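Below is one structure, written out as structure tokens; the observations come after it.
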Amino acid sequence: LIYGSRLSLVIGFAAVALAGVVGVTIGLVSGYFGGRTDTVLMRIVDAWLAFPFMLLAIAIVAVLGPGLRNLVVALDVTGWVVYARLVRGETLSLREREFVLSARGLGASQGAIMAGHVLPNVLAPVLVVATLELGVVIVTEASLSFLGLGVEASRPTWGGMLADGRAYISRAWWLATLPGLAIFALVLAVNVLGDGLRDALDPRSASR
């Protein structure tokens with residue numbers, strides 16, 4: 001059970017990190033430049049959101065085949081839109097703030113303004129969302145492994161242990177129950193951490 005947590009956590013953190021990088025980049029570009037760039041990128045996001053999250057992940061893994069790298073790619077491809085939407089909304093308000101206008105007036109390049117002035121101000125909400133998304137990714141990975149679409153059967157994950165243990169549920173209930181409880185406890189802990197980060201990083205909560 002402890003050894004199986006290794007792959008589940010690696011997949012969760014890797015997928016969240018990659019999806020965050022892609023989504024934050026697209027959200028920054030879309031929100032900062034606006035206009036036609038924003039329209040095109042947001043229509044892509046809308047099209048992506050039209051597909052059910054789990055079905056899209058299953059389709060990608062089915063095409064690419066099972067495996068650690070393919071599973072991370074599938075979770076990354078399905079998860080970046082959350083960050084893109086969030087960062088785009090934050091950037092739309094930040095690009096008109098005084099410190100951004102001052103940097104632009106002093107001759108700073110567009111890339112320098114986005115990286116040095118806008119990005120640091122959107123990291124707090126991104127961190128909160130990433131923490132909450134980690135729980136979603138872990139559950140999705142367990143679901144795909146349970147369906148046989150995760151990593152190879154020879155490499156233990158909690159979802160694979162659930163799938164293996166269901167055949168013996170009547171005489172060895174702990175084989176499926178303990179991995180399920182581990183997933184439940186981890187996702188609950190991650191959600192509580194996300195709520196705590198949201199309260200800690202929200203200046204309105206701190207003022208109260």
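Please note that chains go A, B, ... in the order of the structure tokens, that every chain numbers its residues from 1, and that ligands are numbered from 1 in the order shown.
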Spatial neighbours of segment 99-106 of chain A, max dist 12 Å, only C-alpha atoms, sep filter under 3 positions, as an mmCIF file with N, CA, C and O atoms, in the first residue's frame:
```cif
data_model
loop_
_atom_site.group_PDB
_atom_site.id
_atom_site.type_symbol
_atom_site.label_atom_id
_atom_site.label_comp_id
_atom_site.auth_asym_id
_atom_site.auth_seq_id
_atom_site.Cartn_x
_atom_site.Cartn_y
_atom_site.Cartn_z
ATOM 1 N N TYR A 32 -3.496 39.123 -21.287
ATOM 2 C CA TYR A 32 -2.676 40.323 -21.433
ATOM 3 C C TYR A 32 -2.852 40.977 -22.800
ATOM 4 O O TYR A 32 -3.000 42.193 -22.904
ATOM 5 N N THR A 91 -5.554 38.193 -15.137
ATOM 6 C CA THR A 91 -4.699 39.050 -15.967
ATOM 7 C C THR A 91 -5.482 40.205 -16.569
ATOM 8 O O THR A 91 -4.949 41.316 -16.723
ATOM 9 N N LEU A 92 -6.742 39.978 -16.913
ATOM 10 C CA LEU A 92 -7.559 41.047 -17.480
ATOM 11 C C LEU A 92 -7.663 42.236 -16.535
ATOM 12 O O LEU A 92 -7.682 43.395 -16.974
ATOM 13 N N SER A 93 -7.738 41.961 -15.232
ATOM 14 C CA SER A 93 -7.804 43.064 -14.269
ATOM 15 C C SER A 93 -6.428 43.633 -13.945
ATOM 16 O O SER A 93 -6.279 44.841 -13.751
ATOM 17 N N LEU A 94 -5.415 42.777 -13.932
ATOM 18 C CA LEU A 94 -4.071 43.249 -13.567
ATOM 19 C C LEU A 94 -3.424 44.100 -14.652
ATOM 20 O O LEU A 94 -2.627 44.987 -14.345
ATOM 21 N N ARG A 95 -3.756 43.848 -15.909
ATOM 22 C CA ARG A 95 -3.062 44.569 -16.985
ATOM 23 C C ARG A 95 -3.397 46.061 -17.012
ATOM 24 O O ARG A 95 -2.695 46.839 -17.659
ATOM 25 N N GLU A 96 -4.461 46.463 -16.319
ATOM 26 C CA GLU A 96 -4.820 47.878 -16.252
ATOM 27 C C GLU A 96 -4.416 48.518 -14.928
ATOM 28 O O GLU A 96 -4.746 49.682 -14.694
ATOM 29 N N SER A 109 9.502 45.451 -21.869
ATOM 30 C CA SER A 109 8.932 44.630 -22.935
ATOM 31 C C SER A 109 7.691 43.886 -22.437
ATOM 32 O O SER A 109 7.465 43.760 -21.231
ATOM 33 N N GLN A 110 6.898 43.408 -23.395
ATOM 34 C CA GLN A 110 5.674 42.685 -23.032
ATOM 35 C C GLN A 110 5.994 41.444 -22.205
ATOM 36 O O GLN A 110 5.332 41.145 -21.205
ATOM 37 N N GLY A 111 7.028 40.704 -22.629
ATOM 38 C CA GLY A 111 7.409 39.508 -21.887
ATOM 39 C C GLY A 111 7.874 39.818 -20.483
ATOM 40 O O GLY A 111 7.554 39.092 -19.535
ATOM 41 N N ALA A 112 8.637 40.900 -20.330
ATOM 42 C CA ALA A 112 9.118 41.278 -18.998
ATOM 43 C C ALA A 112 7.972 41.687 -18.093
ATOM 44 O O ALA A 112 7.972 41.384 -16.896
ATOM 45 N N ILE A 113 6.987 42.380 -18.644
ATOM 46 C CA ILE A 113 5.832 42.792 -17.829
ATOM 47 C C ILE A 113 5.040 41.569 -17.384
ATOM 48 O O ILE A 113 4.649 41.458 -16.215
ATOM 49 N N MET A 114 4.801 40.637 -18.308
ATOM 50 C CA MET A 114 4.031 39.443 -17.944
ATOM 51 C C MET A 114 4.770 38.592 -16.916
ATOM 52 O O MET A 114 4.172 38.108 -15.954
ATOM 53 N N ALA A 115 6.082 38.405 -17.126
ATOM 54 C CA ALA A 115 6.855 37.541 -16.229
ATOM 55 C C ALA A 115 7.178 38.216 -14.903
ATOM 56 O O ALA A 115 7.182 37.561 -13.860
ATOM 57 N N GLY A 116 7.455 39.514 -14.930
ATOM 58 C CA GLY A 116 7.911 40.177 -13.719
ATOM 59 C C GLY A 116 6.854 40.882 -12.923
ATOM 60 O O GLY A 116 7.041 41.136 -11.721
ATOM 61 N N HIS A 117 5.716 41.216 -13.547
ATOM 62 C CA HIS A 117 4.706 42.009 -12.850
ATOM 63 C C HIS A 117 3.346 41.313 -12.761
ATOM 64 O O HIS A 117 2.682 41.402 -11.732
ATOM 65 N N VAL A 118 2.932 40.646 -13.840
ATOM 66 C CA VAL A 118 1.621 40.003 -13.822
ATOM 67 C C VAL A 118 1.678 38.617 -13.195
ATOM 68 O O VAL A 118 0.870 38.278 -12.320
ATOM 69 N N LEU A 119 2.651 37.805 -13.631
ATOM 70 C CA LEU A 119 2.733 36.421 -13.146
ATOM 71 C C LEU A 119 2.841 36.313 -11.624
ATOM 72 O O LEU A 119 2.118 35.503 -11.020
ATOM 73 N N ASN A 121 1.595 38.055 -9.388
ATOM 74 C CA ASN A 121 0.330 38.420 -8.756
ATOM 75 C C ASN A 121 -0.795 37.425 -9.017
ATOM 76 O O ASN A 121 -1.880 37.567 -8.444
#
```
May I have all residues of segment 59-204 of chain A that DSSP, computed from the backbone, assigns to alpha helix (DSSP H), given as a VMD selection string? chain A and resid 59 to 64 68 to 94 98 to 105 110 to 113 119 to 146 158 to 165 174 to 201 203 to 204
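Take the candidates A:Glu141, A:Asp195, A:Glu152, A:Asp164 and check each one against Val72 of chain A using only C-alpha atoms; the shortest distance goes to A:Glu141.
Pairwise distance (atom CA of Ala15 of chain A, atom CA of Trp174 of chain A) equals 29.0 Å.
Distances to Arg88 of chain A were evaluated for A:Thr39, A:Ser30, A:Ser145, A:Thr140 using only C-alpha atoms, and the minimum falls at A:Ser30.
The gap separating atom CA of Gly150 of chain A from atom CA of Gly20 of chain A is 21.3 Å, in Å to one decimal.
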I'd like the neighbourhood of Arg198 of chain A as a ChimeraX atom specification, where a residue qualifies if any of its atoms comes within 9 Å (using only C-alpha atoms), though same-chain residues fewer than 6 positions away should be ignored. /A:124-125,127-129,205
Just want the 10 Å neighbourhood of Val61 of chain A, counted on only C-alpha atoms, with same-chain residues fewer than 5 positions away dropped. Output as a PDB file with N, CA, C and O atoms, in the first residue's frame.
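Result went into part.pdb, see below:
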```pdb
ATOM      1  N   LEU A  55     -14.146  11.198 -19.825  1.00  0.00           N
ATOM      2  CA  LEU A  55     -14.214  10.557 -21.143  1.00  0.00           C
ATOM      3  C   LEU A  55     -13.057  10.997 -22.030  1.00  0.00           C
ATOM      4  O   LEU A  55     -12.508  10.195 -22.803  1.00  0.00           O
ATOM      5  N   LEU A  56     -12.673  12.269 -21.930  1.00  0.00           N
ATOM      6  CA  LEU A  56     -11.539  12.748 -22.719  1.00  0.00           C
ATOM      7  C   LEU A  56     -10.252  12.061 -22.280  1.00  0.00           C
ATOM      8  O   LEU A  56      -9.431  11.670 -23.116  1.00  0.00           O
ATOM      9  N   PRO A  66      -1.586   2.421 -22.474  1.00  0.00           N
ATOM     10  CA  PRO A  66      -1.280   2.556 -21.054  1.00  0.00           C
ATOM     11  C   PRO A  66       0.204   2.799 -20.819  1.00  0.00           C
ATOM     12  O   PRO A  66       1.044   2.457 -21.650  1.00  0.00           O
ATOM     13  N   GLY A  67       0.506   3.404 -19.697  1.00  0.00           N
ATOM     14  CA  GLY A  67       1.895   3.714 -19.361  1.00  0.00           C
ATOM     15  C   GLY A  67       1.964   4.979 -18.532  1.00  0.00           C
ATOM     16  O   GLY A  67       1.060   5.823 -18.584  1.00  0.00           O
ATOM     17  N   ASN A  70       2.192   8.274 -20.773  1.00  0.00           N
ATOM     18  CA  ASN A  70       0.943   8.530 -21.481  1.00  0.00           C
ATOM     19  C   ASN A  70      -0.165   8.950 -20.530  1.00  0.00           C
ATOM     20  O   ASN A  70      -1.006   9.793 -20.870  1.00  0.00           O
ATOM     21  N   LEU A  71      -0.170   8.393 -19.324  1.00  0.00           N
ATOM     22  CA  LEU A  71      -1.180   8.761 -18.340  1.00  0.00           C
ATOM     23  C   LEU A  71      -0.991  10.206 -17.890  1.00  0.00           C
ATOM     24  O   LEU A  71      -1.958  10.969 -17.766  1.00  0.00           O
ATOM     25  N   VAL A  72       0.255  10.613 -17.663  1.00  0.00           N
ATOM     26  CA  VAL A  72       0.525  12.008 -17.279  1.00  0.00           C
ATOM     27  C   VAL A  72       0.130  12.957 -18.399  1.00  0.00           C
ATOM     28  O   VAL A  72      -0.456  14.023 -18.155  1.00  0.00           O
ATOM     29  N   VAL A  73       0.434  12.576 -19.643  1.00  0.00           N
ATOM     30  CA  VAL A  73       0.058  13.415 -20.789  1.00  0.00           C
ATOM     31  C   VAL A  73      -1.454  13.561 -20.866  1.00  0.00           C
ATOM     32  O   VAL A  73      -1.982  14.671 -21.092  1.00  0.00           O
ATOM     33  N   ALA A  74      -2.190  12.477 -20.676  1.00  0.00           N
ATOM     34  CA  ALA A  74      -3.651  12.530 -20.734  1.00  0.00           C
ATOM     35  C   ALA A  74      -4.224  13.442 -19.652  1.00  0.00           C
ATOM     36  O   ALA A  74      -5.122  14.253 -19.914  1.00  0.00           O
ATOM     37  N   LEU A  75      -3.694  13.330 -18.442  1.00  0.00           N
ATOM     38  CA  LEU A  75      -4.176  14.177 -17.347  1.00  0.00           C
ATOM     39  C   LEU A  75      -3.780  15.631 -17.554  1.00  0.00           C
ATOM     40  O   LEU A  75      -4.507  16.546 -17.168  1.00  0.00           O
ATOM     41  N   LEU A 144      -8.747   5.532 -13.802  1.00  0.00           N
ATOM     42  CA  LEU A 144      -8.186   4.979 -15.034  1.00  0.00           C
ATOM     43  C   LEU A 144      -7.433   3.675 -14.763  1.00  0.00           C
ATOM     44  O   LEU A 144      -7.531   2.717 -15.535  1.00  0.00           O
ATOM     45  N   LEU A 149      -6.584   1.267 -17.647  1.00  0.00           N
ATOM     46  CA  LEU A 149      -6.043   2.241 -18.586  1.00  0.00           C
ATOM     47  C   LEU A 149      -4.937   3.091 -17.958  1.00  0.00           C
ATOM     48  O   LEU A 149      -4.566   4.124 -18.521  1.00  0.00           O
ATOM     49  N   GLY A 150      -4.424   2.663 -16.821  1.00  0.00           N
ATOM     50  CA  GLY A 150      -3.371   3.415 -16.158  1.00  0.00           C
ATOM     51  C   GLY A 150      -1.996   2.902 -16.542  1.00  0.00           C
ATOM     52  O   GLY A 150      -1.727   2.598 -17.704  1.00  0.00           O
TER      53      GLY A 150
END
```
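The nearest approach to Leu18 of chain A among the residues A:Ala130, A:Ile183, A:Ala62, A:Val45, with only C-alpha atoms taken into account, belongs to A:Ala130.
In this model, the gap between atom CA of Ala200 of chain A and atom CA of Tyr83 of chain A comes to 19.8 Å.
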